[in-house]
Amino acid sequence: MTFSVTGKKALITGATGGIGGSIAKTLHAAGAQLAISGSRIEKLEAFAAELGGNVISIACDLSKLDTVENLIKEAEEKLGQIDILVCNAAVTKDNLALRMKDEEWQQVIDFNLTASYKMTRTVLRGMVKRRFGRIIYITSVVGHTGNPGQMNYCASKAGLTGMAKSLAQEVASRGITVNCIAPGFIATNMTDVLNDDQKARINQNIPLGRMGTPDEIASGALYLASDAANYITGQTLHINGGLYMA
């Protein structure tokens, strides 16, 4: 069985970031028609032009929860339907627990967890009716291991994992699968700010001895979106070079 998504309609949030961009490129190359979303329409349109045909751009600020459902509705109007939802966009507001402000907690929970819930609830209507769907949440290794200074971020990512397991049981009979991908340390713009010594210390803790690439996360997303993963639901695919072994 091939990893093909030919003819499928996919919405990817955070599509201009390192991981989101690679997922968009990979699904597009495998035959999907895309709706890509992010906060800056100019950047989205430039990326859409780079990808070529069968791509539409929809700007949406996921921190504004009252507009999140409109993202799904607009994507469905323009694509006709959504077969694959990839919730990838996320924010961090790091701080030690004793210093964390209520707004730092709430902003991360709202953006990373509640926005995904609202998108999921909206997209499910069409998926249930068509008796097909693929929902993929991009979580994080720290949602399983914890990380000092990231209590809010870790809670939001762990929340997605629990949400996926519950939802997977609800919608399995409707032909819908719900899974997570938990990346470890991935070489993106976020890790580019680290100096060589910091990167070396991180790599020492990774059995494979290096950070992953966005394309390696995208390969996992393609697998979970394809018919090759028909019998997988409620699971987390850990892509971390052995940093965490579930």
# chains A, B, ... in the order shown; residues from 1 in each chain; ligands from 1
$ select_by_dssp --residues "range 9-155 of chain A" --states "strand (DSSP E or B)" --output "MDAnalysis selection string"
chainID A and resid 9:12 33:38 55:59 84:87 95 133:138 150
$ closest_atom_pairs --of "range 13-116 of chain A" --to "range 148-155 of chain A" --cutoff "6 Å" --atoms "only C-alpha atoms" --output "JSON lines"
{"residue": "A:Asp94", "atom": "CA", "partner": "A:Gln150", "partner_atom": "CA", "distance": 5.2}
{"residue": "A:Asn95", "atom": "CA", "partner": "A:Gly149", "partner_atom": "CA", "distance": 4.7}
{"residue": "A:Leu96", "atom": "CA", "partner": "A:Gly149", "partner_atom": "CA", "distance": 4.3}
{"residue": "A:Trp105", "atom": "CA", "partner": "A:Asn152", "partner_atom": "CA", "distance": 5.2}
$ residues_around --residues "Tyr244 in chain A" --least-positions-apart "3" --cutoff "9 Å" --atoms "only C-alpha atoms" --output "list of chain:residue names"
A:Val141, A:His144, A:Thr145, A:Gly184, A:Ile206, A:His238, A:Ile239, A:Asn240, A:Gly241
$ write_last_selection --atoms "N, CA, C and O atoms" --output "PDB file, in the first residue's frame"
ATOM      1  N   VAL A 141       7.431  15.974  22.496  1.00  0.00           N
ATOM      2  CA  VAL A 141       8.018  15.051  23.461  1.00  0.00           C
ATOM      3  C   VAL A 141       7.854  15.571  24.885  1.00  0.00           C
ATOM      4  O   VAL A 141       7.677  14.782  25.828  1.00  0.00           O
ATOM      5  N   HIS A 144       5.114  14.531  27.233  1.00  0.00           N
ATOM      6  CA  HIS A 144       5.248  13.226  27.888  1.00  0.00           C
ATOM      7  C   HIS A 144       6.325  13.245  28.968  1.00  0.00           C
ATOM      8  O   HIS A 144       6.213  12.527  29.961  1.00  0.00           O
ATOM      9  N   THR A 145       7.359  14.043  28.769  1.00  0.00           N
ATOM     10  CA  THR A 145       8.478  14.055  29.722  1.00  0.00           C
ATOM     11  C   THR A 145       8.421  15.215  30.696  1.00  0.00           C
ATOM     12  O   THR A 145       9.037  15.167  31.756  1.00  0.00           O
ATOM     13  N   GLY A 184      10.534  15.326  18.799  1.00  0.00           N
ATOM     14  CA  GLY A 184      11.553  15.670  19.773  1.00  0.00           C
ATOM     15  C   GLY A 184      12.194  16.985  19.370  1.00  0.00           C
ATOM     16  O   GLY A 184      11.508  17.914  18.931  1.00  0.00           O
ATOM     17  N   ILE A 206      20.430  12.437  22.847  1.00  0.00           N
ATOM     18  CA  ILE A 206      19.628  11.780  21.813  1.00  0.00           C
ATOM     19  C   ILE A 206      20.394  10.557  21.317  1.00  0.00           C
ATOM     20  O   ILE A 206      21.498  10.693  20.782  1.00  0.00           O
ATOM     21  N   HIS A 238       5.923   8.790  18.100  1.00  0.00           N
ATOM     22  CA  HIS A 238       7.049   9.519  18.674  1.00  0.00           C
ATOM     23  C   HIS A 238       8.199   9.553  17.662  1.00  0.00           C
ATOM     24  O   HIS A 238       8.713   8.497  17.267  1.00  0.00           O
ATOM     25  N   ILE A 239       8.578  10.761  17.257  1.00  0.00           N
ATOM     26  CA  ILE A 239       9.680  10.935  16.305  1.00  0.00           C
ATOM     27  C   ILE A 239      10.707  11.813  16.989  1.00  0.00           C
ATOM     28  O   ILE A 239      10.625  13.047  16.966  1.00  0.00           O
ATOM     29  N   ASN A 240      11.676  11.166  17.671  1.00  0.00           N
ATOM     30  CA  ASN A 240      12.567  11.933  18.534  1.00  0.00           C
ATOM     31  C   ASN A 240      13.997  11.390  18.608  1.00  0.00           C
ATOM     32  O   ASN A 240      14.763  11.784  19.479  1.00  0.00           O
ATOM     33  N   GLY A 241      14.340  10.468  17.710  1.00  0.00           N
ATOM     34  CA  GLY A 241      15.704   9.937  17.709  1.00  0.00           C
ATOM     35  C   GLY A 241      16.046   9.080  18.905  1.00  0.00           C
ATOM     36  O   GLY A 241      17.217   8.831  19.178  1.00  0.00           O
TER      37      GLY A 241
END
$ closest_atom_pairs --of "range 72-143 of chain A" --to "range 50-65 of chain A" --cutoff "12 Å" --atoms "only C-alpha atoms" --output "JSON lines"
{"residue": "A:Ile72", "atom": "CA", "partner": "A:Ile58", "partner_atom": "CA", "distance": 9.7}
{"residue": "A:Lys73", "atom": "CA", "partner": "A:Ile58", "partner_atom": "CA", "distance": 10.9}
{"residue": "A:Glu74", "atom": "CA", "partner": "A:Ile58", "partner_atom": "CA", "distance": 7.9}
{"residue": "A:Ala75", "atom": "CA", "partner": "A:Ile58", "partner_atom": "CA", "distance": 7.5}
{"residue": "A:Glu76", "atom": "CA", "partner": "A:Ile56", "partner_atom": "CA", "distance": 11.2}
{"residue": "A:Glu77", "atom": "CA", "partner": "A:Ile56", "partner_atom": "CA", "distance": 11.2}
{"residue": "A:Lys78", "atom": "CA", "partner": "A:Ile56", "partner_atom": "CA", "distance": 7.8}
{"residue": "A:Leu79", "atom": "CA", "partner": "A:Ile56", "partner_atom": "CA", "distance": 8.3}
{"residue": "A:Gly80", "atom": "CA", "partner": "A:Ile56", "partner_atom": "CA", "distance": 12.0}
{"residue": "A:Cys87", "atom": "CA", "partner": "A:Leu62", "partner_atom": "CA", "distance": 10.8}
{"residue": "A:Asn88", "atom": "CA", "partner": "A:Leu62", "partner_atom": "CA", "distance": 11.2}
{"residue": "A:Ala89", "atom": "CA", "partner": "A:Leu62", "partner_atom": "CA", "distance": 8.3}
{"residue": "A:Ala90", "atom": "CA", "partner": "A:Leu62", "partner_atom": "CA", "distance": 9.0}
{"residue": "A:Val91", "atom": "CA", "partner": "A:Ser63", "partner_atom": "CA", "distance": 9.5}
{"residue": "A:Glu103", "atom": "CA", "partner": "A:Ser63", "partner_atom": "CA", "distance": 11.9}
{"residue": "A:Gln106", "atom": "CA", "partner": "A:Ser63", "partner_atom": "CA", "distance": 10.1}
{"residue": "A:Gln107", "atom": "CA", "partner": "A:Ser63", "partner_atom": "CA", "distance": 7.1}
{"residue": "A:Val108", "atom": "CA", "partner": "A:Ser63", "partner_atom": "CA", "distance": 8.7}
{"residue": "A:Ile109", "atom": "CA", "partner": "A:Ser63", "partner_atom": "CA", "distance": 9.7}
{"residue": "A:Asp110", "atom": "CA", "partner": "A:Ser63", "partner_atom": "CA", "distance": 6.6}
{"residue": "A:Phe111", "atom": "CA", "partner": "A:Ser63", "partner_atom": "CA", "distance": 5.1}
{"residue": "A:Asn112", "atom": "CA", "partner": "A:Leu62", "partner_atom": "CA", "distance": 8.5}
{"residue": "A:Leu113", "atom": "CA", "partner": "A:Leu62", "partner_atom": "CA", "distance": 10.3}
{"residue": "A:Thr114", "atom": "CA", "partner": "A:Leu65", "partner_atom": "CA", "distance": 7.9}
{"residue": "A:Ala115", "atom": "CA", "partner": "A:Leu62", "partner_atom": "CA", "distance": 6.2}
{"residue": "A:Ser116", "atom": "CA", "partner": "A:Leu62", "partner_atom": "CA", "distance": 8.9}
{"residue": "A:Tyr117", "atom": "CA", "partner": "A:Leu65", "partner_atom": "CA", "distance": 10.3}
{"residue": "A:Lys118", "atom": "CA", "partner": "A:Leu65", "partner_atom": "CA", "distance": 8.0}
{"residue": "A:Met119", "atom": "CA", "partner": "A:Leu65", "partner_atom": "CA", "distance": 9.8}
$ write_last_selection --atoms "N, CA and C atoms" --output "PDB file, in the first residue's frame"
ATOM      1  N   ILE A  72     -12.361  26.816   9.699  1.00  0.00           N
ATOM      2  CA  ILE A  72     -12.834  25.541   9.153  1.00  0.00           C
ATOM      3  C   ILE A  72     -13.913  25.783   8.102  1.00  0.00           C
ATOM      4  N   LYS A  73     -14.842  26.646   8.403  1.00  0.00           N
ATOM      5  CA  LYS A  73     -15.950  26.892   7.477  1.00  0.00           C
ATOM      6  C   LYS A  73     -15.456  27.480   6.160  1.00  0.00           C
ATOM      7  N   GLU A  74     -14.495  28.414   6.238  1.00  0.00           N
ATOM      8  CA  GLU A  74     -13.961  29.001   5.011  1.00  0.00           C
ATOM      9  C   GLU A  74     -13.193  27.973   4.198  1.00  0.00           C
ATOM     10  N   ALA A  75     -12.415  27.145   4.873  1.00  0.00           N
ATOM     11  CA  ALA A  75     -11.669  26.099   4.170  1.00  0.00           C
ATOM     12  C   ALA A  75     -12.625  25.118   3.509  1.00  0.00           C
ATOM     13  N   GLU A  76     -13.700  24.764   4.185  1.00  0.00           N
ATOM     14  CA  GLU A  76     -14.675  23.839   3.604  1.00  0.00           C
ATOM     15  C   GLU A  76     -15.377  24.455   2.406  1.00  0.00           C
ATOM     16  N   GLU A  77     -15.663  25.736   2.498  1.00  0.00           N
ATOM     17  CA  GLU A  77     -16.303  26.419   1.360  1.00  0.00           C
ATOM     18  C   GLU A  77     -15.397  26.437   0.138  1.00  0.00           C
ATOM     19  N   LYS A  78     -14.105  26.691   0.365  1.00  0.00           N
ATOM     20  CA  LYS A  78     -13.177  26.834  -0.753  1.00  0.00           C
ATOM     21  C   LYS A  78     -12.686  25.499  -1.298  1.00  0.00           C
ATOM     22  N   LEU A  79     -12.556  24.508  -0.415  1.00  0.00           N
ATOM     23  CA  LEU A  79     -12.083  23.189  -0.857  1.00  0.00           C
ATOM     24  C   LEU A  79     -13.228  22.246  -1.208  1.00  0.00           C
ATOM     25  N   GLY A  80     -14.400  22.544  -0.685  1.00  0.00           N
ATOM     26  CA  GLY A  80     -15.528  21.639  -0.853  1.00  0.00           C
ATOM     27  C   GLY A  80     -15.745  20.778   0.378  1.00  0.00           C
ATOM     28  N   CYS A  87      -3.480  19.873  12.992  1.00  0.00           N
ATOM     29  CA  CYS A  87      -3.366  20.976  13.945  1.00  0.00           C
ATOM     30  C   CYS A  87      -1.899  21.064  14.374  1.00  0.00           C
ATOM     31  N   ASN A  88      -1.186  21.979  13.766  1.00  0.00           N
ATOM     32  CA  ASN A  88       0.257  22.084  13.980  1.00  0.00           C
ATOM     33  C   ASN A  88       0.662  23.371  14.698  1.00  0.00           C
ATOM     34  N   ALA A  89      -0.085  24.442  14.513  1.00  0.00           N
ATOM     35  CA  ALA A  89       0.308  25.738  15.065  1.00  0.00           C
ATOM     36  C   ALA A  89       0.363  25.696  16.587  1.00  0.00           C
ATOM     37  N   ALA A  90       1.362  26.364  17.155  1.00  0.00           N
ATOM     38  CA  ALA A  90       1.510  26.403  18.610  1.00  0.00           C
ATOM     39  C   ALA A  90       2.317  27.632  19.008  1.00  0.00           C
ATOM     40  N   VAL A  91       2.153  28.037  20.259  1.00  0.00           N
ATOM     41  CA  VAL A  91       2.934  29.142  20.812  1.00  0.00           C
ATOM     42  C   VAL A  91       3.535  28.712  22.146  1.00  0.00           C
ATOM     43  N   GLU A 103      -2.049  35.117  32.458  1.00  0.00           N
ATOM     44  CA  GLU A 103      -2.227  35.287  31.013  1.00  0.00           C
ATOM     45  C   GLU A 103      -1.259  34.427  30.213  1.00  0.00           C
ATOM     46  N   GLN A 106      -2.941  31.028  30.240  1.00  0.00           N
ATOM     47  CA  GLN A 106      -4.176  30.972  29.458  1.00  0.00           C
ATOM     48  C   GLN A 106      -3.930  31.123  27.968  1.00  0.00           C
ATOM     49  N   GLN A 107      -2.993  31.984  27.597  1.00  0.00           N
ATOM     50  CA  GLN A 107      -2.713  32.193  26.174  1.00  0.00           C
ATOM     51  C   GLN A 107      -2.214  30.914  25.510  1.00  0.00           C
ATOM     52  N   VAL A 108      -1.360  30.178  26.208  1.00  0.00           N
ATOM     53  CA  VAL A 108      -0.823  28.937  25.641  1.00  0.00           C
ATOM     54  C   VAL A 108      -1.899  27.854  25.585  1.00  0.00           C
ATOM     55  N   ILE A 109      -2.679  27.728  26.641  1.00  0.00           N
ATOM     56  CA  ILE A 109      -3.756  26.737  26.649  1.00  0.00           C
ATOM     57  C   ILE A 109      -4.781  27.054  25.566  1.00  0.00           C
ATOM     58  N   ASP A 110      -5.156  28.321  25.434  1.00  0.00           N
ATOM     59  CA  ASP A 110      -6.146  28.705  24.428  1.00  0.00           C
ATOM     60  C   ASP A 110      -5.643  28.421  23.018  1.00  0.00           C
ATOM     61  N   PHE A 111      -4.422  28.826  22.731  1.00  0.00           N
ATOM     62  CA  PHE A 111      -3.886  28.710  21.374  1.00  0.00           C
ATOM     63  C   PHE A 111      -3.606  27.249  21.016  1.00  0.00           C
ATOM     64  N   ASN A 112      -2.931  26.534  21.904  1.00  0.00           N
ATOM     65  CA  ASN A 112      -2.457  25.194  21.574  1.00  0.00           C
ATOM     66  C   ASN A 112      -3.521  24.111  21.743  1.00  0.00           C
ATOM     67  N   LEU A 113      -4.401  24.287  22.712  1.00  0.00           N
ATOM     68  CA  LEU A 113      -5.367  23.234  23.033  1.00  0.00           C
ATOM     69  C   LEU A 113      -6.799  23.605  22.663  1.00  0.00           C
ATOM     70  N   THR A 114      -7.277  24.738  23.160  1.00  0.00           N
ATOM     71  CA  THR A 114      -8.676  25.083  22.932  1.00  0.00           C
ATOM     72  C   THR A 114      -8.960  25.357  21.466  1.00  0.00           C
ATOM     73  N   ALA A 115      -8.061  26.014  20.760  1.00  0.00           N
ATOM     74  CA  ALA A 115      -8.269  26.269  19.335  1.00  0.00           C
ATOM     75  C   ALA A 115      -8.365  24.955  18.562  1.00  0.00           C
ATOM     76  N   SER A 116      -7.532  23.977  18.920  1.00  0.00           N
ATOM     77  CA  SER A 116      -7.589  22.669  18.255  1.00  0.00           C
ATOM     78  C   SER A 116      -8.915  21.971  18.540  1.00  0.00           C
ATOM     79  N   TYR A 117      -9.390  22.095  19.772  1.00  0.00           N
ATOM     80  CA  TYR A 117     -10.700  21.531  20.120  1.00  0.00           C
ATOM     81  C   TYR A 117     -11.802  22.157  19.269  1.00  0.00           C
ATOM     82  N   LYS A 118     -11.791  23.470  19.142  1.00  0.00           N
ATOM     83  CA  LYS A 118     -12.848  24.156  18.392  1.00  0.00           C
ATOM     84  C   LYS A 118     -12.780  23.808  16.905  1.00  0.00           C
ATOM     85  N   MET A 119     -11.568  23.708  16.346  1.00  0.00           N
ATOM     86  CA  MET A 119     -11.446  23.302  14.947  1.00  0.00           C
ATOM     87  C   MET A 119     -11.936  21.875  14.752  1.00  0.00           C
TER      88      MET A 119
END
$ residues_around --residues "Ser166 in chain A" --least-positions-apart "5" --cutoff "12 Å" --atoms "only C-alpha atoms" --output "PyMOL selection string"
chain A and resi 117+159-161+171-172+177-179+233-235
$ write_last_selection --atoms "C-alpha atoms" --output "short mmCIF file (atom, residue, chain, number, x, y, z; two decimals), in the first residue's frame"
data_model
loop_
_atom_site.label_atom_id
_atom_site.label_comp_id
_atom_site.auth_asym_id
_atom_site.auth_seq_id
_atom_site.Cartn_x
_atom_site.Cartn_y
_atom_site.Cartn_z
CA TYR A 117 -10.70 21.53 20.12
CA GLY A 159 -4.01 17.79 26.75
CA LEU A 160 -3.99 17.18 23.00
CA THR A 161 -2.86 13.61 23.61
CA VAL A 171 -15.55 8.56 16.04
CA ALA A 172 -13.87 5.29 15.07
CA THR A 177 -8.95 8.26 12.86
CA VAL A 178 -7.37 10.61 15.39
CA ASN A 179 -3.65 10.46 16.11
CA THR A 233 -6.17 5.49 15.88
CA GLY A 234 -5.75 7.04 19.32
CA GLN A 235 -1.98 6.67 19.05
#
$ atom_distance --atom1 "CA of Leu194 in chain A" --atom2 "CA of Ser140 in chain A"
18.5 Å
$ closest_residue --among "A:Leu237, A:Val193, A:Leu11, A:Ala218" --to "Gln33 in chain A" --atoms "only C-alpha atoms"
A:Leu11
$ residues_around --residues "range 130-135 of chain A" --least-positions-apart "4" --cutoff "6 Å" --atoms "only C-alpha atoms" --output "list in words"
Asp83, Ile84, Leu85, Arg174, Gly175, Ile176, Thr177, Val178 and Ala225 of chain A
$ select_by_dssp --residues "chain A" --states "helix (DSSP H, G or I)" --output "MDAnalysis selection string"
chainID A and resid 18:29 41:51 65:79 97:99 102:130 142:145 151:174 189:192 196:204 214:225 227:229
$ atom_distance --atom1 "CA of Thr213 in chain A" --atom2 "CA of Tyr137 in chain A"
17.8 Å
$ closest_residue --among "A:Thr122, A:Thr16, A:Ala246, A:Thr191" --to "Glu42 in chain A" --atoms "only C-alpha atoms"
A:Thr16
$ atom_distance --atom1 "CA of Leu222 in chain A" --atom2 "CA of Pro207 in chain A"
24.7 Å
$ residues_around --residues "Val5 in chain A" --least-positions-apart "4" --cutoff "8 Å" --atoms "only C-alpha atoms" --output "ChimeraX atom specification"
/A:27,30-32,222,225-227
$ write_last_selection --atoms "C-alpha atoms" --output "mmCIF file, in the first residue's frame"
data_model
loop_
_atom_site.group_PDB
_atom_site.id
_atom_site.type_symbol
_atom_site.label_atom_id
_atom_site.label_comp_id
_atom_site.auth_asym_id
_atom_site.auth_seq_id
_atom_site.Cartn_x
_atom_site.Cartn_y
_atom_site.Cartn_z
ATOM 1 C CA LEU A 27 1.004 16.193 1.478
ATOM 2 C CA ALA A 30 1.483 13.156 -2.455
ATOM 3 C CA GLY A 31 -1.575 14.504 -4.240
ATOM 4 C CA ALA A 32 -3.566 16.440 -1.649
ATOM 5 C CA LEU A 222 1.786 11.554 5.451
ATOM 6 C CA ALA A 225 -3.062 10.689 6.670
ATOM 7 C CA SER A 226 -2.812 7.881 4.126
ATOM 8 C CA ASP A 227 -4.763 4.631 3.768
#
$ residues_around --residues "Phe185 in chain A" --least-positions-apart "2" --cutoff "7 Å" --atoms "only C-alpha atoms" --output "PyMOL selection string"
chain A and resi 183+187+211-212+240
